[in-house]
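Undergrad: File follows, start01.cif with mmCIF, C-alpha atoms and all ligand atoms:
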```cif
data_entry
loop_
_atom_site.group_PDB
_atom_site.id
_atom_site.type_symbol
_atom_site.label_atom_id
_atom_site.label_comp_id
_atom_site.auth_asym_id
_atom_site.auth_seq_id
_atom_site.Cartn_x
_atom_site.Cartn_y
_atom_site.Cartn_z
ATOM 1 C CA MET A 74 91.811 23.507 2.611
ATOM 2 C CA ALA A 75 90.923 22.946 6.284
ATOM 3 C CA ARG A 76 87.516 24.191 7.400
ATOM 4 C CA ASP A 77 86.818 25.020 11.045
ATOM 5 C CA ASN A 78 83.100 25.321 10.572
ATOM 6 C CA PRO A 79 81.128 22.733 8.605
ATOM 7 C CA ASN A 80 78.746 25.505 7.568
ATOM 8 C CA ASP A 81 81.586 26.927 5.485
ATOM 9 C CA LEU A 82 80.619 24.174 3.050
ATOM 10 C CA ALA A 83 77.338 25.920 2.313
ATOM 11 C CA GLY A 84 77.189 27.022 -1.278
ATOM 12 C CA GLU A 85 80.132 24.895 -2.387
ATOM 13 C CA SER A 86 79.176 22.362 -4.990
ATOM 14 C CA PRO A 87 80.836 18.946 -4.887
ATOM 15 C CA PRO A 88 83.489 18.239 -7.503
ATOM 16 C CA ARG A 89 81.959 17.050 -10.746
ATOM 17 C CA SER A 90 84.116 13.998 -11.147
ATOM 18 C CA ILE A 91 85.181 11.917 -8.191
ATOM 19 C CA VAL A 92 87.820 9.228 -8.443
ATOM 20 C CA ALA A 93 87.353 6.526 -5.798
ATOM 21 C CA VAL A 94 89.875 3.852 -4.873
ATOM 22 C CA TYR A 95 88.722 0.434 -3.692
ATOM 23 C CA PRO A 96 91.763 -1.207 -2.109
ATOM 24 C CA GLY A 97 92.197 -4.800 -1.030
ATOM 25 C CA SER A 98 94.071 -8.004 -1.554
ATOM 26 C CA PHE A 99 91.259 -9.762 -3.460
ATOM 27 C CA ASP A 100 92.848 -13.180 -2.992
ATOM 28 C CA PRO A 101 90.596 -14.134 -4.720
ATOM 29 C CA LEU A 102 87.884 -11.687 -5.770
ATOM 30 C CA THR A 103 84.452 -12.763 -4.443
ATOM 31 C CA LEU A 104 80.886 -11.771 -5.259
ATOM 32 C CA GLY A 105 80.963 -9.643 -2.087
ATOM 33 C CA HIS A 106 83.749 -7.556 -3.645
ATOM 34 C CA VAL A 107 81.921 -7.401 -6.983
ATOM 35 C CA ASP A 108 78.786 -6.135 -5.247
ATOM 36 C CA ILE A 109 80.784 -3.251 -3.730
ATOM 37 C CA ILE A 110 82.446 -2.489 -7.102
ATOM 38 C CA ASP A 111 79.075 -2.510 -8.844
ATOM 39 C CA ARG A 112 77.497 -0.131 -6.339
ATOM 40 C CA ALA A 113 80.543 2.162 -6.237
ATOM 41 C CA SER A 114 80.562 2.378 -10.039
ATOM 42 C CA ARG A 115 77.122 4.003 -9.850
ATOM 43 C CA LEU A 116 78.193 6.549 -7.227
ATOM 44 C CA PHE A 117 81.565 7.715 -8.515
ATOM 45 C CA SER A 118 82.755 8.802 -11.930
ATOM 46 C CA ASP A 119 85.807 6.536 -11.767
ATOM 47 C CA VAL A 120 86.523 3.538 -9.569
ATOM 48 C CA VAL A 121 90.062 2.211 -9.321
ATOM 49 C CA VAL A 122 90.318 -1.240 -7.780
ATOM 50 C CA ALA A 123 93.702 -1.105 -6.089
ATOM 51 C CA LEU A 124 95.363 -4.437 -5.602
ATOM 52 C CA SER A 125 97.669 -4.363 -2.640
ATOM 53 C CA GLU A 126 101.049 -5.986 -3.312
ATOM 54 C CA THR A 127 102.076 -5.815 0.300
ATOM 55 C CA THR A 128 100.387 -7.769 3.016
ATOM 56 C CA ARG A 129 99.790 -7.493 6.716
ATOM 57 C CA THR A 130 100.205 -11.146 7.571
ATOM 58 C CA LYS A 131 98.742 -12.992 4.633
ATOM 59 C CA ARG A 132 100.430 -15.312 2.187
ATOM 60 C CA PHE A 133 98.633 -14.978 -1.086
ATOM 61 C CA SER A 134 97.259 -17.985 -2.970
ATOM 62 C CA PHE A 135 97.304 -16.081 -6.273
ATOM 63 C CA SER A 136 100.171 -13.938 -7.566
ATOM 64 C CA THR A 137 99.694 -10.233 -8.221
ATOM 65 C CA GLU A 138 99.555 -10.931 -11.976
ATOM 66 C CA GLU A 139 96.940 -13.644 -11.516
ATOM 67 C CA ARG A 140 94.757 -11.474 -9.280
ATOM 68 C CA LEU A 141 95.064 -8.536 -11.689
ATOM 69 C CA ALA A 142 94.043 -10.721 -14.631
ATOM 70 C CA MET A 143 91.102 -12.213 -12.713
ATOM 71 C CA ILE A 144 89.793 -8.788 -11.677
ATOM 72 C CA GLU A 145 90.279 -7.431 -15.215
ATOM 73 C CA ARG A 146 88.048 -10.181 -16.594
ATOM 74 C CA VAL A 147 85.309 -9.478 -14.064
ATOM 75 C CA ILE A 148 85.264 -5.675 -14.385
ATOM 76 C CA ASP A 149 85.278 -5.744 -18.176
ATOM 77 C CA PRO A 150 81.560 -4.760 -18.388
ATOM 78 C CA TYR A 151 82.150 -1.609 -16.297
ATOM 79 C CA PRO A 152 83.538 1.240 -18.420
ATOM 80 C CA ASN A 153 84.362 3.428 -15.406
ATOM 81 C CA VAL A 154 86.175 0.757 -13.378
ATOM 82 C CA LYS A 155 89.810 -0.276 -13.750
ATOM 83 C CA VAL A 156 92.301 -2.247 -11.717
ATOM 84 C CA VAL A 157 95.919 -1.505 -10.870
ATOM 85 C CA SER A 158 98.346 -2.889 -8.320
ATOM 86 C CA PHE A 159 100.156 -0.723 -5.828
ATOM 87 C CA GLY A 160 102.802 -1.042 -3.135
ATOM 88 C CA GLY A 161 103.506 1.256 -0.213
ATOM 89 C CA LEU A 162 101.106 3.611 1.458
ATOM 90 C CA LEU A 163 97.534 3.652 0.207
ATOM 91 C CA THR A 164 97.222 7.393 0.787
ATOM 92 C CA HIS A 165 100.295 8.041 -1.399
ATOM 93 C CA PHE A 166 98.786 5.900 -4.108
ATOM 94 C CA ALA A 167 95.410 7.623 -3.813
ATOM 95 C CA ARG A 168 97.004 11.033 -4.192
ATOM 96 C CA SER A 169 99.116 9.891 -7.131
ATOM 97 C CA ILE A 170 95.942 9.145 -9.106
ATOM 98 C CA ARG A 171 94.050 12.158 -7.707
ATOM 99 C CA ALA A 172 91.529 9.985 -5.891
ATOM 100 C CA THR A 173 89.598 11.732 -3.135
ATOM 101 C CA VAL A 174 87.613 8.756 -1.856
ATOM 102 C CA LEU A 175 88.674 5.425 -0.363
ATOM 103 C CA ILE A 176 85.978 2.773 -0.428
ATOM 104 C CA ARG A 177 85.873 -0.014 2.117
ATOM 105 C CA GLY A 178 83.239 -2.684 2.597
ATOM 106 C CA LEU A 179 81.910 -3.491 6.048
ATOM 107 C CA ARG A 180 80.511 -6.908 6.843
ATOM 108 C CA ALA A 181 80.244 -7.366 10.565
ATOM 109 C CA ILE A 182 81.160 -5.690 13.810
ATOM 110 C CA SER A 183 84.382 -7.672 13.619
ATOM 111 C CA ASP A 184 85.457 -5.604 10.573
ATOM 112 C CA PHE A 185 84.748 -2.384 12.401
ATOM 113 C CA GLU A 186 87.686 -2.049 14.755
ATOM 114 C CA TYR A 187 90.384 -2.539 12.136
ATOM 115 C CA GLU A 188 88.566 -0.422 9.566
ATOM 116 C CA PHE A 189 87.998 2.370 12.083
ATOM 117 C CA GLN A 190 91.686 2.359 12.958
ATOM 118 C CA MET A 191 92.754 2.411 9.290
ATOM 119 C CA ALA A 192 90.279 5.146 8.358
ATOM 120 C CA SER A 193 91.433 7.311 11.263
ATOM 121 C CA MET A 194 95.089 6.784 10.380
ATOM 122 C CA ASN A 195 94.494 7.476 6.694
ATOM 123 C CA HIS A 196 92.613 10.626 7.627
ATOM 124 C CA THR A 197 95.609 11.804 9.627
ATOM 125 C CA LEU A 198 97.945 11.029 6.728
ATOM 126 C CA ALA A 199 95.698 12.532 4.045
ATOM 127 C CA PRO A 200 92.805 14.653 5.348
ATOM 128 C CA ASP A 201 91.801 15.428 1.766
ATOM 129 C CA VAL A 202 91.008 11.756 1.094
ATOM 130 C CA GLU A 203 87.692 10.629 2.567
ATOM 131 C CA THR A 204 86.983 7.010 3.539
ATOM 132 C CA VAL A 205 83.499 5.879 2.526
ATOM 133 C CA PHE A 206 82.139 2.646 3.994
ATOM 134 C CA MET A 207 79.617 0.572 2.122
ATOM 135 C CA MET A 208 77.591 -2.015 3.990
ATOM 136 C CA THR A 209 77.764 -5.490 2.573
ATOM 137 C CA ALA A 210 74.711 -6.881 0.830
ATOM 138 C CA THR A 211 73.060 -9.149 3.437
ATOM 139 C CA LYS A 212 73.505 -12.218 1.285
ATOM 140 C CA TYR A 213 77.286 -11.666 1.217
ATOM 141 C CA SER A 214 77.716 -10.699 4.845
ATOM 142 C CA TYR A 215 79.352 -14.040 5.692
ATOM 143 C CA LEU A 216 81.539 -14.076 2.585
ATOM 144 C CA SER A 217 85.301 -13.587 2.611
ATOM 145 C CA SER A 218 88.202 -14.638 0.416
ATOM 146 C CA SER A 219 89.471 -16.945 3.151
ATOM 147 C CA ILE A 220 86.103 -18.736 3.452
ATOM 148 C CA VAL A 221 86.097 -19.247 -0.318
ATOM 149 C CA LYS A 222 89.601 -20.715 -0.155
ATOM 150 C CA GLU A 223 88.673 -23.012 2.690
ATOM 151 C CA ILE A 224 85.525 -24.339 1.014
ATOM 152 C CA ALA A 225 87.286 -24.783 -2.340
ATOM 153 C CA SER A 226 90.184 -26.653 -0.768
ATOM 154 C CA LEU A 227 87.745 -29.075 0.852
ATOM 155 C CA GLY A 228 85.954 -29.724 -2.440
ATOM 156 C CA GLY A 229 82.817 -27.687 -1.623
ATOM 157 C CA ASN A 230 80.745 -25.763 -4.134
ATOM 158 C CA ILE A 231 81.803 -22.105 -4.484
ATOM 159 C CA ALA A 232 79.759 -21.311 -7.607
ATOM 160 C CA HIS A 233 77.451 -18.952 -5.693
ATOM 161 C CA LEU A 234 80.363 -17.167 -4.000
ATOM 162 C CA VAL A 235 82.686 -16.116 -6.830
ATOM 163 C CA PRO A 236 82.196 -14.621 -10.317
ATOM 164 C CA ASP A 237 81.575 -17.179 -13.087
ATOM 165 C CA ALA A 238 84.480 -15.798 -15.102
ATOM 166 C CA ILE A 239 87.068 -16.858 -12.510
ATOM 167 C CA HIS A 240 85.348 -19.843 -10.870
ATOM 168 C CA ASP A 241 87.247 -22.556 -12.741
ATOM 169 C CA GLN A 242 90.605 -20.897 -12.176
ATOM 170 C CA ILE A 243 89.974 -20.760 -8.424
ATOM 171 C CA VAL A 244 88.803 -24.368 -8.224
ATOM 172 C CA GLY A 245 91.713 -25.464 -10.437
ATOM 173 C CA ARG A 246 94.213 -23.858 -8.078
ATOM 174 C CA LEU A 247 92.648 -24.548 -4.708
ATOM 175 C CA GLY A 248 90.411 -27.581 -5.167
ATOM 176 C CA PRO A 249 91.467 -30.966 -3.824
ATOM 177 C CA LYS A 250 93.871 -32.702 -6.172
ATOM 178 C CA SER A 251 92.653 -36.161 -7.150
HETATM 179 P P1 LIG A 301 91.933 -6.513 2.851
HETATM 180 O O1 LIG A 301 93.024 -7.522 2.990
HETATM 181 O O2 LIG A 301 92.423 -5.124 2.579
HETATM 182 O O3 LIG A 301 90.869 -6.544 3.918
HETATM 183 P P2 LIG A 301 90.086 -7.882 1.113
HETATM 184 O O4 LIG A 301 90.389 -8.278 -0.299
HETATM 185 O O5 LIG A 301 89.870 -8.977 2.085
HETATM 186 O O6 LIG A 301 91.256 -6.910 1.473
HETATM 187 O O7 LIG A 301 88.810 -6.928 1.138
HETATM 188 C C1 LIG A 301 88.806 -5.702 0.454
HETATM 189 C C2 LIG A 301 87.637 -4.873 0.946
HETATM 190 O O8 LIG A 301 86.413 -5.527 0.592
HETATM 191 C C3 LIG A 301 87.569 -4.666 2.454
HETATM 192 O O9 LIG A 301 87.069 -3.375 2.710
HETATM 193 C C4 LIG A 301 86.587 -5.707 2.910
HETATM 194 O O10 LIG A 301 85.945 -5.329 4.119
HETATM 195 C C5 LIG A 301 85.613 -5.692 1.745
HETATM 196 N N1 LIG A 301 84.868 -6.942 1.634
HETATM 197 C C6 LIG A 301 85.359 -8.194 1.618
HETATM 198 N N2 LIG A 301 84.365 -9.102 1.521
HETATM 199 C C7 LIG A 301 83.206 -8.395 1.474
HETATM 200 C C8 LIG A 301 81.816 -8.739 1.423
HETATM 201 N N3 LIG A 301 81.433 -10.004 1.406
HETATM 202 N N4 LIG A 301 80.911 -7.735 1.405
HETATM 203 C C9 LIG A 301 81.315 -6.445 1.456
HETATM 204 N N5 LIG A 301 82.599 -6.055 1.537
HETATM 205 C C10 LIG A 301 83.540 -7.001 1.547
#
```
Give the structure from this file in structure tokens form.
TA:
Amino acid sequence: MARDNPNDLAGESPPRSIVAVYPGSFDPLTLGHVDIIDRASRLFSDVVVALSETTRTKRFSFSTEERLAMIERVIDPYPNVKVVSFGGLLTHFARSIRATVLIRGLRAISDFEYEFQMASMNHTLAPDVETVFMMTATKYSYLSSSIVKEIASLGGNIAHLVPDAIHDQIVGRLGPKS
């Protein structure tokens, strides 16, 4: 229901259970992503990590099945977090699972412009779904899936950048072949 006056909210209690979607390509999942998942799992009753099957420009290094399996292993300790893949519009997907929150992580100013554009567009498409930004933990502010791939392919150590449970799989796929 649209509200003209924010004060109309007075007296309304927030919904008891909030399903939040955390979308991304996670190619591969990094500790920066895990930090956001961990924090979101404390804020929302259910967190659905939504693995995007479509891509803007990227070619994925790991298939959808591989990324799903990797994320499943890492989120196993979180009872209120699950992962699914989706194609098509994120807002359609969010509505299909009755999610009312979209979570995005913000690292640097460089993330801002694209994220602002997406959040505004998603708001137009689905005003009932709210985008919530979470600031990166400082220690992961430089971390991205592409940096991980680059370091791994050059034989560098990525142990402090990715979850233990998927480290060997990433190095096995991307590390230099001897
Ligand atoms: P996308 O291709 O949709 O940007 P990514 O898998 O690269 O998907 O990232 C998914 C989300 O996680 C994005 O909101 C991104 O900003 C956020 N993210 C990525 N790396 C980090 C990090 N190190 N700290 C916090 N958020 C991050």
Undergrad: For the interface of chain A with ligand LIG 301 (chain A) (cut-off 9 Å, counting only C-alpha atoms and all ligand atoms), please tabulate each contacting residue of chain A alongside its nearest pair of atoms and their separation in Å to one decimal, rows sorted by chain and increasing number, as a tab-separated table.
TA:
```
residue	atom	partner	partner_atom	distance
A:Tyr95	CA	A:LIG301	C2	7.1
A:Pro96	CA	A:LIG301	C1	6.0
A:Gly97	CA	A:LIG301	O6	3.4
A:Ser98	CA	A:LIG301	O4	3.9
A:Phe99	CA	A:LIG301	O4	3.6
A:Asp100	CA	A:LIG301	O4	6.1
A:Pro101	CA	A:LIG301	O4	7.3
A:Leu102	CA	A:LIG301	O4	6.9
A:Thr103	CA	A:LIG301	N2	7.0
A:Leu104	CA	A:LIG301	N3	6.9
A:Gly105	CA	A:LIG301	N3	3.5
A:His106	CA	A:LIG301	C7	5.2
A:Val107	CA	A:LIG301	N4	8.5
A:Asp108	CA	A:LIG301	N4	7.2
A:Ile109	CA	A:LIG301	C9	6.1
A:Leu124	CA	A:LIG301	O4	8.2
A:Ser125	CA	A:LIG301	O2	7.4
A:Thr128	CA	A:LIG301	O1	7.4
A:Arg129	CA	A:LIG301	O1	7.7
A:Lys131	CA	A:LIG301	O1	8.1
A:Ile176	CA	A:LIG301	O9	7.0
A:Arg177	CA	A:LIG301	O9	3.6
A:Gly178	CA	A:LIG301	N5	3.6
A:Leu179	CA	A:LIG301	O10	4.8
A:Arg180	CA	A:LIG301	C9	5.5
A:Ala181	CA	A:LIG301	O10	8.8
A:Asp184	CA	A:LIG301	O10	6.5
A:Phe185	CA	A:LIG301	O10	8.9
A:Glu188	CA	A:LIG301	O9	7.6
A:Phe206	CA	A:LIG301	O9	7.9
A:Met207	CA	A:LIG301	C9	7.3
A:Met208	CA	A:LIG301	C9	6.3
A:Thr209	CA	A:LIG301	C9	3.8
A:Ala210	CA	A:LIG301	N4	6.3
A:Thr211	CA	A:LIG301	N4	8.2
A:Lys212	CA	A:LIG301	N3	8.2
A:Tyr213	CA	A:LIG301	N3	4.5
A:Ser214	CA	A:LIG301	N3	5.1
A:Tyr215	CA	A:LIG301	N3	6.2
A:Leu216	CA	A:LIG301	N3	4.2
A:Ser217	CA	A:LIG301	N2	4.7
A:Ser218	CA	A:LIG301	O5	6.1
A:Ser219	CA	A:LIG301	O5	8.0
```
Undergrad: If you measure from CA of Ala199 (chain A) to CA of Val174 (chain A), what distance in Å do you get, rounded to one decimal?
TA: 10.7 Å
Undergrad: Would you please work out which residue, of A:Arg132, A:Arg171, A:His165, A:Arg115, is nearest to Asn153 (chain A) when using only C-alpha atoms?
TA: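 Using only C-alpha atoms, Asn153 (chain A) sits closest to A:Arg115.
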Undergrad: If the PyMOL selection byres (((chain A and resi 250) around 12) and not hetatm) were run on this exact file, what residues would it hold? Put them as an NGL selection string.
TA: :A and (225-228 or 244-249 or 251)
Undergrad: Tell me, as a VMD selection string, which residues lie within 12 Å of Pro150 (chain A), counting only C-alpha atoms; anything in the same chain fewer than 4 positions away does not count.
TA: chain A and resid 107 110 to 111 114 144 to 146 154 to 155 238
Undergrad: Give me, please, the distance in Å between CA of Val92 (chain A) and CA of Asp149 (chain A), quoted to one decimal.
TA: 18.0 Å
Undergrad: Looking at A:Thr127, A:Phe133, A:Arg112, A:Thr204, which one is nearest to Gln190 (chain A), with distances taken over only C-alpha atoms?
TA: A:Thr204
Undergrad: Please, what distance in Å, to one decimal, runs between CA of Leu116 (chain A) and CA of Ile91 (chain A)?
TA: 8.9 Å
Undergrad: If you apply the PyMOL selection byres (((chain A and resi 195) around 12) and not hetatm) to this file, what residues do you get, as a tab-separated table (two decimals) with C-alpha atoms, in the frame of the given file?
TA:
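Okay, this is what ended up in part-v1.tsv:
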```tsv
chain	number	residue	atom	x	y	z
A	162	LEU	CA	101.11	3.61	1.46
A	163	LEU	CA	97.53	3.65	0.21
A	164	THR	CA	97.22	7.39	0.79
A	165	HIS	CA	100.30	8.04	-1.40
A	166	PHE	CA	98.79	5.90	-4.11
A	167	ALA	CA	95.41	7.62	-3.81
A	168	ARG	CA	97.00	11.03	-4.19
A	173	THR	CA	89.60	11.73	-3.14
A	174	VAL	CA	87.61	8.76	-1.86
A	175	LEU	CA	88.67	5.42	-0.36
A	188	GLU	CA	88.57	-0.42	9.57
A	189	PHE	CA	88.00	2.37	12.08
A	190	GLN	CA	91.69	2.36	12.96
A	191	MET	CA	92.75	2.41	9.29
A	192	ALA	CA	90.28	5.15	8.36
A	193	SER	CA	91.43	7.31	11.26
A	194	MET	CA	95.09	6.78	10.38
A	196	HIS	CA	92.61	10.63	7.63
A	197	THR	CA	95.61	11.80	9.63
A	198	LEU	CA	97.94	11.03	6.73
A	199	ALA	CA	95.70	12.53	4.04
A	200	PRO	CA	92.80	14.65	5.35
A	201	ASP	CA	91.80	15.43	1.77
A	202	VAL	CA	91.01	11.76	1.09
A	203	GLU	CA	87.69	10.63	2.57
A	204	THR	CA	86.98	7.01	3.54
A	205	VAL	CA	83.50	5.88	2.53
```
Undergrad: Pick the closest to Asp241 (chain A) from A:Ile170, A:Pro152, A:Met143, A:Phe159: which is it, counting only C-alpha atoms?
TA: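 Closest to Asp241 (chain A), using only C-alpha atoms: A:Met143.
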Undergrad: Measuring between all atoms listed in the file, which one of A:Leu234, A:Ile239, A:Ile224, A:Ala123 shows the shortest distance to Ala142 (chain A)?
TA: A:Ile239
